[in-house]
>>> print(open('data-v7.pdb').read())   # PDB, C-alpha atoms
MODEL        1
ATOM      1  CA  MET A  15     -13.808  29.419  63.291
ATOM      2  CA  ASN A  16     -13.108  33.138  63.365
ATOM      3  CA  VAL A  17     -10.207  34.322  65.476
ATOM      4  CA  LYS A  18     -11.570  37.844  65.938
ATOM      5  CA  PHE A  19     -14.321  36.342  68.108
ATOM      6  CA  LEU A  20     -11.976  34.083  70.102
ATOM      7  CA  ARG A  21     -12.429  34.522  73.859
ATOM      8  CA  ARG A  22     -11.564  31.067  75.175
ATOM      9  CA  ILE A  23     -10.655  27.606  73.915
ATOM     10  CA  LYS A  24     -12.409  24.449  75.025
ATOM     11  CA  ALA A  25     -11.325  21.036  73.722
ATOM     12  CA  VAL A  26     -14.171  18.646  72.904
ATOM     13  CA  ASP A  27     -14.208  15.104  71.538
ATOM     14  CA  GLN A  28     -17.048  15.622  69.039
ATOM     15  CA  PRO A  29     -18.294  18.317  66.631
ATOM     16  CA  ALA A  30     -19.442  21.442  68.449
ATOM     17  CA  TYR A  31     -22.246  22.265  65.971
ATOM     18  CA  SER A  32     -21.448  25.940  66.397
ATOM     19  CA  TYR A  33     -22.830  28.665  64.154
ATOM     20  CA  PHE A  34     -19.797  28.772  61.848
ATOM     21  CA  GLU A  35     -19.324  24.989  61.662
ATOM     22  CA  THR A  36     -22.918  24.372  60.627
ATOM     23  CA  LYS A  37     -23.420  27.435  58.403
ATOM     24  CA  ASN A  38     -20.072  27.842  56.655
ATOM     25  CA  TYR A  39     -18.589  24.359  56.689
ATOM     26  CA  SER A  40     -21.607  22.237  55.767
ATOM     27  CA  GLN A  41     -22.681  21.797  52.169
ATOM     28  CA  VAL A  42     -26.173  20.778  51.146
ATOM     29  CA  LEU A  43     -25.773  18.193  48.377
ATOM     30  CA  PRO A  44     -28.240  17.191  45.651
ATOM     31  CA  GLY A  45     -31.011  15.087  47.200
ATOM     32  CA  GLY A  46     -30.965  17.100  50.437
ATOM     33  CA  LYS A  47     -28.081  15.328  52.172
ATOM     34  CA  THR A  48     -25.508  17.439  53.979
ATOM     35  CA  TRP A  49     -21.754  17.107  53.810
ATOM     36  CA  ARG A  50     -20.723  18.407  57.211
ATOM     37  CA  PHE A  51     -17.483  19.833  58.494
ATOM     38  CA  HIS A  52     -15.556  19.807  55.249
ATOM     39  CA  PHE A  53     -12.246  21.544  55.925
ATOM     40  CA  LEU A  54      -9.942  20.035  53.274
ATOM     41  CA  MET A  55      -9.012  22.508  50.569
ATOM     42  CA  GLU A  56      -9.363  20.407  47.435
ATOM     43  CA  VAL A  57      -7.153  20.787  44.375
ATOM     44  CA  LYS A  58      -7.836  24.126  42.680
ATOM     45  CA  SER A  59      -6.227  26.500  40.215
ATOM     46  CA  PHE A  60      -7.218  29.872  38.897
ATOM     47  CA  ILE A  61      -5.802  32.283  36.366
ATOM     48  CA  THR A  62      -4.796  35.621  37.856
ATOM     49  CA  SER A  63      -3.611  37.267  34.632
ATOM     50  CA  PRO A  64      -5.372  38.047  32.458
ATOM     51  CA  SER A  65      -8.458  37.916  34.677
ATOM     52  CA  LEU A  66     -11.508  39.878  35.739
ATOM     53  CA  GLY A  67     -10.954  43.610  35.302
ATOM     54  CA  HIS A  68      -7.992  43.236  32.943
ATOM     55  CA  SER A  69      -8.039  44.129  29.286
ATOM     56  CA  LEU A  70      -5.744  43.184  26.432
ATOM     57  CA  LYS A  71      -4.641  46.201  24.396
ATOM     58  CA  GLU A  72      -4.091  44.485  21.050
ATOM     59  CA  PRO A  73      -3.465  41.060  19.536
ATOM     60  CA  GLY A  74      -0.068  39.644  20.348
ATOM     61  CA  PHE A  75       1.884  37.627  22.882
ATOM     62  CA  TYR A  76       0.778  37.509  26.515
ATOM     63  CA  THR A  77       1.598  35.408  29.552
ATOM     64  CA  ILE A  78      -1.208  33.461  31.200
ATOM     65  CA  SER A  79      -0.346  33.100  34.874
ATOM     66  CA  GLY A  80      -2.060  31.905  38.010
ATOM     67  CA  VAL A  81      -1.993  29.934  41.229
ATOM     68  CA  ALA A  82      -2.740  26.299  42.080
ATOM     69  CA  TYR A  83      -3.003  24.568  45.460
ATOM     70  CA  SER A  84      -4.139  21.367  47.124
ATOM     71  CA  GLY A  85      -4.838  20.478  50.718
ATOM     72  CA  ALA A  86      -3.814  16.888  49.962
ATOM     73  CA  GLY A  87      -0.234  17.444  48.833
ATOM     74  CA  ARG A  88       1.920  19.069  46.158
ATOM     75  CA  ILE A  89       0.681  20.294  42.805
ATOM     76  CA  ALA A  90       1.850  17.869  40.095
ATOM     77  CA  LYS A  91       0.734  19.755  36.969
ATOM     78  CA  VAL A  92      -1.500  22.516  35.661
ATOM     79  CA  MET A  93      -3.084  22.488  32.224
ATOM     80  CA  VAL A  94      -4.283  25.691  30.527
ATOM     81  CA  SER A  95      -6.867  26.164  27.781
ATOM     82  CA  ALA A  96      -7.563  29.273  25.690
ATOM     83  CA  ASP A  97     -10.545  27.788  23.839
ATOM     84  CA  GLY A  98     -12.939  26.902  26.650
ATOM     85  CA  GLY A  99     -11.496  23.445  27.280
ATOM     86  CA  LYS A 100     -11.413  22.077  23.731
ATOM     87  CA  SER A 101      -7.618  21.826  23.831
ATOM     88  CA  TRP A 102      -5.110  22.011  26.678
ATOM     89  CA  GLY A 103      -1.402  22.677  27.107
ATOM     90  CA  GLU A 104       0.779  22.099  30.152
ATOM     91  CA  ALA A 105       1.854  25.231  32.026
ATOM     92  CA  ALA A 106       5.259  25.604  33.660
ATOM     93  CA  LEU A 107       5.283  25.513  37.465
ATOM     94  CA  GLN A 108       7.347  28.347  38.959
ATOM     95  CA  GLY A 109       9.615  28.112  41.964
ATOM     96  CA  ALA A 110       9.707  25.324  44.514
ATOM     97  CA  VAL A 111       6.577  23.173  44.728
ATOM     98  CA  HIS A 112       5.740  22.684  48.397
ATOM     99  CA  ASP A 113       3.259  20.444  50.192
ATOM    100  CA  LYS A 114      -0.159  22.118  50.671
ATOM    101  CA  ALA A 115       1.072  25.486  49.401
ATOM    102  CA  PHE A 116       0.316  27.898  46.595
ATOM    103  CA  THR A 117       2.179  27.055  43.390
ATOM    104  CA  ARG A 118       2.493  29.650  40.628
ATOM    105  CA  PHE A 119       2.126  28.609  36.999
ATOM    106  CA  VAL A 120       2.769  30.388  33.686
ATOM    107  CA  MET A 121       2.181  29.743  30.032
ATOM    108  CA  PRO A 122       2.927  31.879  26.961
ATOM    109  CA  TRP A 123      -0.087  32.618  24.775
ATOM    110  CA  ARG A 124      -0.643  34.387  21.473
ATOM    111  CA  TRP A 125      -3.999  36.199  21.355
ATOM    112  CA  ASP A 126      -5.242  36.629  17.778
ATOM    113  CA  GLY A 127      -7.844  39.283  18.654
ATOM    114  CA  GLN A 128     -10.754  36.833  18.539
ATOM    115  CA  PRO A 129     -12.969  35.929  21.536
ATOM    116  CA  ALA A 130     -11.310  33.395  23.838
ATOM    117  CA  VAL A 131     -12.154  31.531  27.051
ATOM    118  CA  LEU A 132      -9.214  30.980  29.409
ATOM    119  CA  GLN A 133      -9.254  28.109  31.902
ATOM    120  CA  SER A 134      -6.796  26.250  34.108
ATOM    121  CA  ARG A 135      -7.071  22.793  35.651
ATOM    122  CA  ALA A 136      -4.735  21.321  38.278
ATOM    123  CA  TRP A 137      -3.688  17.864  39.472
ATOM    124  CA  ASP A 138      -1.933  17.037  42.730
ATOM    125  CA  GLU A 139       0.610  14.330  43.521
ATOM    126  CA  ALA A 140      -2.122  12.120  45.055
ATOM    127  CA  GLY A 141      -3.928  11.995  41.684
ATOM    128  CA  ASN A 142      -6.738  14.368  42.684
ATOM    129  CA  VAL A 143      -7.931  16.547  39.820
ATOM    130  CA  GLN A 144      -9.761  19.840  39.782
ATOM    131  CA  PRO A 145     -13.295  19.068  38.548
ATOM    132  CA  LEU A 146     -14.930  20.523  35.479
ATOM    133  CA  ARG A 147     -17.924  22.738  36.319
ATOM    134  CA  ALA A 148     -20.385  20.040  35.173
ATOM    135  CA  GLU A 149     -18.669  17.447  37.403
ATOM    136  CA  PHE A 150     -18.785  19.797  40.395
ATOM    137  CA  VAL A 151     -22.488  20.629  39.886
ATOM    138  CA  ALA A 152     -23.367  16.931  39.472
ATOM    139  CA  ALA A 153     -21.637  16.070  42.750
ATOM    140  CA  ARG A 154     -22.590  19.104  44.854
ATOM    141  CA  GLY A 155     -25.458  20.917  43.141
ATOM    142  CA  GLU A 156     -25.760  24.616  42.487
ATOM    143  CA  THR A 157     -27.849  27.556  43.580
ATOM    144  CA  LYS A 158     -31.260  28.172  41.995
ATOM    145  CA  ALA A 159     -30.238  31.639  40.759
ATOM    146  CA  PRO A 160     -26.919  32.287  39.002
ATOM    147  CA  VAL A 161     -24.222  33.829  41.156
ATOM    148  CA  ALA A 162     -23.788  37.513  40.256
ATOM    149  CA  THR A 163     -20.051  37.661  40.901
ATOM    150  CA  PRO A 164     -17.236  35.115  40.506
ATOM    151  CA  LEU A 165     -16.052  36.164  43.971
ATOM    152  CA  ALA A 166     -19.152  34.635  45.635
ATOM    153  CA  PHE A 167     -19.473  30.963  44.789
ATOM    154  CA  PRO A 168     -22.610  28.883  45.443
ATOM    155  CA  ASN A 169     -20.795  26.362  47.638
ATOM    156  CA  GLN A 170     -18.063  26.594  50.220
ATOM    157  CA  HIS A 171     -14.776  25.188  48.930
ATOM    158  CA  TYR A 172     -15.795  25.739  45.307
ATOM    159  CA  ASN A 173     -12.892  24.196  43.454
ATOM    160  CA  SER A 174     -14.231  23.869  39.930
ATOM    161  CA  ILE A 175     -12.696  25.589  36.948
ATOM    162  CA  THR A 176     -13.069  29.374  36.763
ATOM    163  CA  SER A 177     -13.406  30.659  33.200
ATOM    164  CA  TRP A 178     -12.391  34.092  31.937
ATOM    165  CA  GLY A 179     -13.930  35.199  28.644
ATOM    166  CA  ILE A 180     -12.041  37.677  26.477
ATOM    167  CA  ASP A 181     -14.125  39.516  23.890
ATOM    168  CA  SER A 182     -12.828  40.893  20.577
ATOM    169  CA  LYS A 183     -12.153  44.269  22.293
ATOM    170  CA  GLY A 184      -9.833  42.541  24.772
ATOM    171  CA  GLU A 185     -12.124  42.962  27.803
ATOM    172  CA  VAL A 186     -11.958  40.110  30.345
ATOM    173  CA  LYS A 187     -15.159  38.921  32.030
ATOM    174  CA  HIS A 188     -16.257  35.904  34.089
ATOM    175  CA  VAL A 189     -18.144  33.259  32.086
ATOM    176  CA  TYR A 190     -19.743  29.938  33.000
ATOM    177  CA  ALA A 191     -18.121  27.357  30.746
TER     178      ALA A 191
ENDMDL
END
>>> encode(input="data-v7.pdb", output="structure tokens")
Amino acid sequence: MNVKFLRRIKAVDQPAYSYFETKNYSQVLPGGKTWRFHFLMEVKSFITSPSLGHSLKEPGFYTISGVAYSGAGRIAKVMVSADGGKSWGEAALQGAVHDKAFTRFVMPWRWDGQPAVLQSRAWDEAGNVQPLRAEFVAARGETKAPVATPLAFPNQHYNSITSWGIDSKGEVKHVYA
């Protein structure tokens, strides 16, 4: 599971139950069941600009941009919301859209200086959709304590929507929406 520790390769016909397979690639689901050896990267998108650490200088026109991917095929569409998911608009996909590869998306946006919550949600060609946070938590549970940073998610392969809150000063922070 980690090439820096690779010393030899041994082919086996069943799961090895190694440290990394059982710790990093097994998810404990609600009710105590375990989803083992989950390697598929599910459909996911995230906004890279504006995002955590960015700030908007003043009201005006900005470009919302990000990345989407799916381990099950090509990205079919990405929707973007600037009001926490109350309304959505379709973003433009940039460049060639390849199978199981990162796909860039962009959308123009006019910030009026008021607080906003930016989100993106992707679909792939197989009909898989990125889950809302509530859908993800219902299916896979969540940690008892909130996660302190958006870079450390409570579950491996966290593919739910990531929300960026913009306050009236233009500061961008992670929010749970």
>>> atom_distance(input="data-v7.pdb", atom1="atom CA of A:Met93", atom2="atom CA of A:His188")
18.9 Å
>>> resolve_selection(input="data-v7.pdb", expression="the PyMOL selection byres ((chain A and resi 98) around 9)", output="MDAnalysis selection string")
chainID A and resid 95:97 99:101 130:133 177:179 191
>>> closest_residue(input="data-v7.pdb", among="A:Tyr76, A:Tyr33, A:Trp137, A:Trp102", to="A:Ser63", atoms="all atoms listed in the file")
A:Tyr76
>>> closest_residue(input="data-v7.pdb", among="A:Thr77, A:Tyr190, A:Ile180, A:Pro129", to="A:Val151", atoms="all atoms listed in the file")
A:Tyr190
>>> resolve_selection(input="data-v7.pdb", expression="the PyMOL selection byres ((chain A and resi 117-123) around 12)", output="MDAnalysis selection string")
chainID A and resid 57:64 73:84 87:97 102:116 124:127 130 132:138
>>> resolve_selection(input="data-v7.pdb", expression="the PyMOL selection byres ((chain A and resi 67) around 9)", output="list in words")
Pro64, Ser65, Leu66, His68, Ser69, Glu185, Val186 and Lys187 of chain A
>>> atom_distance(input="data-v7.pdb", atom1="atom CA of A:Tyr172", atom2="atom CA of A:Asn142")
14.8 Å
>>> atom_distance(input="data-v7.pdb", atom1="atom CA of A:Gly85", atom2="atom CA of A:Phe150")
17.4 Å
>>> closest_residue(input="data-v7.pdb", among="A:Arg147, A:Lys18, A:Arg154, A:Lys47", to="A:Ile175", atoms="all atoms listed in the file")
A:Arg147
>>> closest_residue(input="data-v7.pdb", among="A:Gly155, A:Gly141, A:Arg21, A:Ala86", to="A:Gly45", atoms="only C-alpha atoms")
A:Gly155
>>> axis_aligned_box(input="data-v7.pdb", around="stretch 119-122 of chain A", padding_each_side="4 Å", output="AutoDock Vina command-line options")
--center_x 2.5 --center_y 30.2 --center_z 32.0 --size_x 8.8 --size_y 11.3 --size_z 18.0
>>> decode(input="data-v7.pdb", residues="stretch 74-120 of chain A", atoms="N, CA and C atoms", output="PDB file, in the first residue's frame")
ATOM      1  N   GLY A  74     -17.610  42.001  -6.749  1.00  0.00           N
ATOM      2  CA  GLY A  74     -17.360  42.060  -8.184  1.00  0.00           C
ATOM      3  C   GLY A  74     -17.387  40.688  -8.805  1.00  0.00           C
ATOM      4  N   PHE A  75     -16.850  40.585 -10.015  1.00  0.00           N
ATOM      5  CA  PHE A  75     -16.867  39.324 -10.749  1.00  0.00           C
ATOM      6  C   PHE A  75     -15.638  38.485 -10.435  1.00  0.00           C
ATOM      7  N   TYR A  76     -15.879  37.204 -10.198  1.00  0.00           N
ATOM      8  CA  TYR A  76     -14.832  36.231  -9.898  1.00  0.00           C
ATOM      9  C   TYR A  76     -15.116  34.972 -10.712  1.00  0.00           C
ATOM     10  N   THR A  77     -14.120  34.108 -10.792  1.00  0.00           N
ATOM     11  CA  THR A  77     -14.293  32.812 -11.427  1.00  0.00           C
ATOM     12  C   THR A  77     -14.209  31.747 -10.346  1.00  0.00           C
ATOM     13  N   ILE A  78     -15.248  30.929 -10.245  1.00  0.00           N
ATOM     14  CA  ILE A  78     -15.211  29.760  -9.371  1.00  0.00           C
ATOM     15  C   ILE A  78     -14.622  28.645 -10.219  1.00  0.00           C
ATOM     16  N   SER A  79     -13.567  28.009  -9.724  1.00  0.00           N
ATOM     17  CA  SER A  79     -12.960  26.918 -10.477  1.00  0.00           C
ATOM     18  C   SER A  79     -12.614  25.773  -9.554  1.00  0.00           C
ATOM     19  N   GLY A  80     -12.476  24.586 -10.133  1.00  0.00           N
ATOM     20  CA  GLY A  80     -12.159  23.420  -9.325  1.00  0.00           C
ATOM     21  C   GLY A  80     -11.860  22.200 -10.168  1.00  0.00           C
ATOM     22  N   VAL A  81     -11.895  21.056  -9.491  1.00  0.00           N
ATOM     23  CA  VAL A  81     -11.548  19.777 -10.105  1.00  0.00           C
ATOM     24  C   VAL A  81     -12.615  18.752  -9.743  1.00  0.00           C
ATOM     25  N   ALA A  82     -12.930  17.879 -10.694  1.00  0.00           N
ATOM     26  CA  ALA A  82     -13.846  16.762 -10.461  1.00  0.00           C
ATOM     27  C   ALA A  82     -13.192  15.488 -10.991  1.00  0.00           C
ATOM     28  N   TYR A  83     -13.540  14.356 -10.394  1.00  0.00           N
ATOM     29  CA  TYR A  83     -13.014  13.069 -10.864  1.00  0.00           C
ATOM     30  C   TYR A  83     -13.956  11.952 -10.455  1.00  0.00           C
ATOM     31  N   SER A  84     -13.784  10.802 -11.102  1.00  0.00           N
ATOM     32  CA  SER A  84     -14.541   9.611 -10.766  1.00  0.00           C
ATOM     33  C   SER A  84     -13.725   8.385 -11.133  1.00  0.00           C
ATOM     34  N   GLY A  85     -13.701   7.430 -10.251  1.00  0.00           N
ATOM     35  CA  GLY A  85     -13.028   6.169 -10.522  1.00  0.00           C
ATOM     36  C   GLY A  85     -13.875   5.226 -11.348  1.00  0.00           C
ATOM     37  N   ALA A  86     -15.088   5.654 -11.718  1.00  0.00           N
ATOM     38  CA  ALA A  86     -15.990   4.798 -12.485  1.00  0.00           C
ATOM     39  C   ALA A  86     -16.172   5.267 -13.923  1.00  0.00           C
ATOM     40  N   GLY A  87     -15.480   6.318 -14.321  1.00  0.00           N
ATOM     41  CA  GLY A  87     -15.627   6.779 -15.701  1.00  0.00           C
ATOM     42  C   GLY A  87     -15.331   8.254 -15.854  1.00  0.00           C
ATOM     43  N   ARG A  88     -15.937   8.860 -16.881  1.00  0.00           N
ATOM     44  CA  ARG A  88     -15.729  10.279 -17.174  1.00  0.00           C
ATOM     45  C   ARG A  88     -16.721  11.130 -16.385  1.00  0.00           C
ATOM     46  N   ILE A  89     -16.301  12.349 -16.091  1.00  0.00           N
ATOM     47  CA  ILE A  89     -17.203  13.319 -15.478  1.00  0.00           C
ATOM     48  C   ILE A  89     -18.199  13.778 -16.547  1.00  0.00           C
ATOM     49  N   ALA A  90     -19.483  13.762 -16.213  1.00  0.00           N
ATOM     50  CA  ALA A  90     -20.524  14.180 -17.154  1.00  0.00           C
ATOM     51  C   ALA A  90     -20.916  15.639 -16.944  1.00  0.00           C
ATOM     52  N   LYS A  91     -21.010  16.071 -15.676  1.00  0.00           N
ATOM     53  CA  LYS A  91     -21.337  17.471 -15.400  1.00  0.00           C
ATOM     54  C   LYS A  91     -20.959  17.810 -13.971  1.00  0.00           C
ATOM     55  N   VAL A  92     -20.796  19.110 -13.750  1.00  0.00           N
ATOM     56  CA  VAL A  92     -20.543  19.657 -12.414  1.00  0.00           C
ATOM     57  C   VAL A  92     -21.490  20.830 -12.219  1.00  0.00           C
ATOM     58  N   MET A  93     -22.182  20.825 -11.096  1.00  0.00           N
ATOM     59  CA  MET A  93     -23.068  21.926 -10.739  1.00  0.00           C
ATOM     60  C   MET A  93     -22.400  22.708  -9.609  1.00  0.00           C
ATOM     61  N   VAL A  94     -22.593  24.035  -9.603  1.00  0.00           N
ATOM     62  CA  VAL A  94     -22.000  24.903  -8.600  1.00  0.00           C
ATOM     63  C   VAL A  94     -23.097  25.726  -7.936  1.00  0.00           C
ATOM     64  N   SER A  95     -22.959  25.907  -6.618  1.00  0.00           N
ATOM     65  CA  SER A  95     -23.895  26.729  -5.858  1.00  0.00           C
ATOM     66  C   SER A  95     -23.112  27.783  -5.089  1.00  0.00           C
ATOM     67  N   ALA A  96     -23.662  28.988  -4.998  1.00  0.00           N
ATOM     68  CA  ALA A  96     -23.056  30.059  -4.209  1.00  0.00           C
ATOM     69  C   ALA A  96     -23.931  30.423  -3.019  1.00  0.00           C
ATOM     70  N   ASP A  97     -25.006  29.640  -2.805  1.00  0.00           N
ATOM     71  CA  ASP A  97     -25.909  29.927  -1.685  1.00  0.00           C
ATOM     72  C   ASP A  97     -26.147  28.699  -0.810  1.00  0.00           C
ATOM     73  N   GLY A  98     -25.119  27.878  -0.667  1.00  0.00           N
ATOM     74  CA  GLY A  98     -25.214  26.717   0.220  1.00  0.00           C
ATOM     75  C   GLY A  98     -26.116  25.616  -0.285  1.00  0.00           C
ATOM     76  N   GLY A  99     -26.329  25.536  -1.593  1.00  0.00           N
ATOM     77  CA  GLY A  99     -27.110  24.457  -2.173  1.00  0.00           C
ATOM     78  C   GLY A  99     -28.572  24.769  -2.403  1.00  0.00           C
ATOM     79  N   LYS A 100     -28.988  26.001  -2.201  1.00  0.00           N
ATOM     80  CA  LYS A 100     -30.388  26.364  -2.470  1.00  0.00           C
ATOM     81  C   LYS A 100     -30.657  26.432  -3.965  1.00  0.00           C
ATOM     82  N   SER A 101     -29.669  26.915  -4.718  1.00  0.00           N
ATOM     83  CA  SER A 101     -29.797  26.963  -6.181  1.00  0.00           C
ATOM     84  C   SER A 101     -28.465  26.530  -6.790  1.00  0.00           C
ATOM     85  N   TRP A 102     -28.543  25.999  -8.002  1.00  0.00           N
ATOM     86  CA  TRP A 102     -27.361  25.442  -8.667  1.00  0.00           C
ATOM     87  C   TRP A 102     -27.318  25.904 -10.113  1.00  0.00           C
ATOM     88  N   GLY A 103     -26.103  26.026 -10.643  1.00  0.00           N
ATOM     89  CA  GLY A 103     -25.893  26.325 -12.049  1.00  0.00           C
ATOM     90  C   GLY A 103     -24.822  25.389 -12.589  1.00  0.00           C
ATOM     91  N   GLU A 104     -24.922  25.056 -13.873  1.00  0.00           N
ATOM     92  CA  GLU A 104     -23.959  24.119 -14.449  1.00  0.00           C
ATOM     93  C   GLU A 104     -22.670  24.830 -14.837  1.00  0.00           C
ATOM     94  N   ALA A 105     -21.550  24.274 -14.362  1.00  0.00           N
ATOM     95  CA  ALA A 105     -20.225  24.814 -14.680  1.00  0.00           C
ATOM     96  C   ALA A 105     -19.774  24.274 -16.035  1.00  0.00           C
ATOM     97  N   ALA A 106     -18.846  24.987 -16.654  1.00  0.00           N
ATOM     98  CA  ALA A 106     -18.259  24.532 -17.913  1.00  0.00           C
ATOM     99  C   ALA A 106     -17.079  23.616 -17.602  1.00  0.00           C
ATOM    100  N   LEU A 107     -17.015  22.477 -18.285  1.00  0.00           N
ATOM    101  CA  LEU A 107     -15.882  21.569 -18.146  1.00  0.00           C
ATOM    102  C   LEU A 107     -14.790  22.064 -19.082  1.00  0.00           C
ATOM    103  N   GLN A 108     -13.541  22.076 -18.599  1.00  0.00           N
ATOM    104  CA  GLN A 108     -12.427  22.590 -19.390  1.00  0.00           C
ATOM    105  C   GLN A 108     -11.576  21.462 -19.930  1.00  0.00           C
ATOM    106  N   GLY A 109     -11.147  21.613 -21.175  1.00  0.00           N
ATOM    107  CA  GLY A 109     -10.247  20.642 -21.774  1.00  0.00           C
ATOM    108  C   GLY A 109     -10.942  19.323 -22.080  1.00  0.00           C
ATOM    109  N   ALA A 110     -10.134  18.352 -22.470  1.00  0.00           N
ATOM    110  CA  ALA A 110     -10.667  17.022 -22.776  1.00  0.00           C
ATOM    111  C   ALA A 110     -11.105  16.349 -21.483  1.00  0.00           C
ATOM    112  N   VAL A 111     -12.213  15.610 -21.558  1.00  0.00           N
ATOM    113  CA  VAL A 111     -12.719  14.874 -20.399  1.00  0.00           C
ATOM    114  C   VAL A 111     -12.338  13.411 -20.603  1.00  0.00           C
ATOM    115  N   HIS A 112     -11.411  12.939 -19.783  1.00  0.00           N
ATOM    116  CA  HIS A 112     -10.886  11.586 -19.914  1.00  0.00           C
ATOM    117  C   HIS A 112     -11.471  10.654 -18.862  1.00  0.00           C
ATOM    118  N   ASP A 113     -11.413   9.365 -19.156  1.00  0.00           N
ATOM    119  CA  ASP A 113     -11.867   8.316 -18.261  1.00  0.00           C
ATOM    120  C   ASP A 113     -11.007   8.291 -16.992  1.00  0.00           C
ATOM    121  N   LYS A 114     -11.647   8.340 -15.829  1.00  0.00           N
ATOM    122  CA  LYS A 114     -10.958   8.217 -14.535  1.00  0.00           C
ATOM    123  C   LYS A 114      -9.830   9.222 -14.374  1.00  0.00           C
ATOM    124  N   ALA A 115     -10.068  10.466 -14.760  1.00  0.00           N
ATOM    125  CA  ALA A 115      -9.037  11.496 -14.696  1.00  0.00           C
ATOM    126  C   ALA A 115      -9.619  12.794 -14.151  1.00  0.00           C
ATOM    127  N   PHE A 116      -8.751  13.635 -13.622  1.00  0.00           N
ATOM    128  CA  PHE A 116      -9.185  14.939 -13.152  1.00  0.00           C
ATOM    129  C   PHE A 116      -9.760  15.737 -14.309  1.00  0.00           C
ATOM    130  N   THR A 117     -10.869  16.425 -14.046  1.00  0.00           N
ATOM    131  CA  THR A 117     -11.517  17.290 -15.022  1.00  0.00           C
ATOM    132  C   THR A 117     -11.693  18.654 -14.377  1.00  0.00           C
ATOM    133  N   ARG A 118     -11.158  19.683 -14.984  1.00  0.00           N
ATOM    134  CA  ARG A 118     -11.300  21.043 -14.453  1.00  0.00           C
ATOM    135  C   ARG A 118     -12.669  21.591 -14.820  1.00  0.00           C
ATOM    136  N   PHE A 119     -13.212  22.423 -13.927  1.00  0.00           N
ATOM    137  CA  PHE A 119     -14.472  23.111 -14.222  1.00  0.00           C
ATOM    138  C   PHE A 119     -14.350  24.576 -13.807  1.00  0.00           C
ATOM    139  N   VAL A 120     -15.135  25.431 -14.467  1.00  0.00           N
ATOM    140  CA  VAL A 120     -15.153  26.864 -14.172  1.00  0.00           C
ATOM    141  C   VAL A 120     -16.576  27.397 -14.284  1.00  0.00           C
TER     142      VAL A 120
END
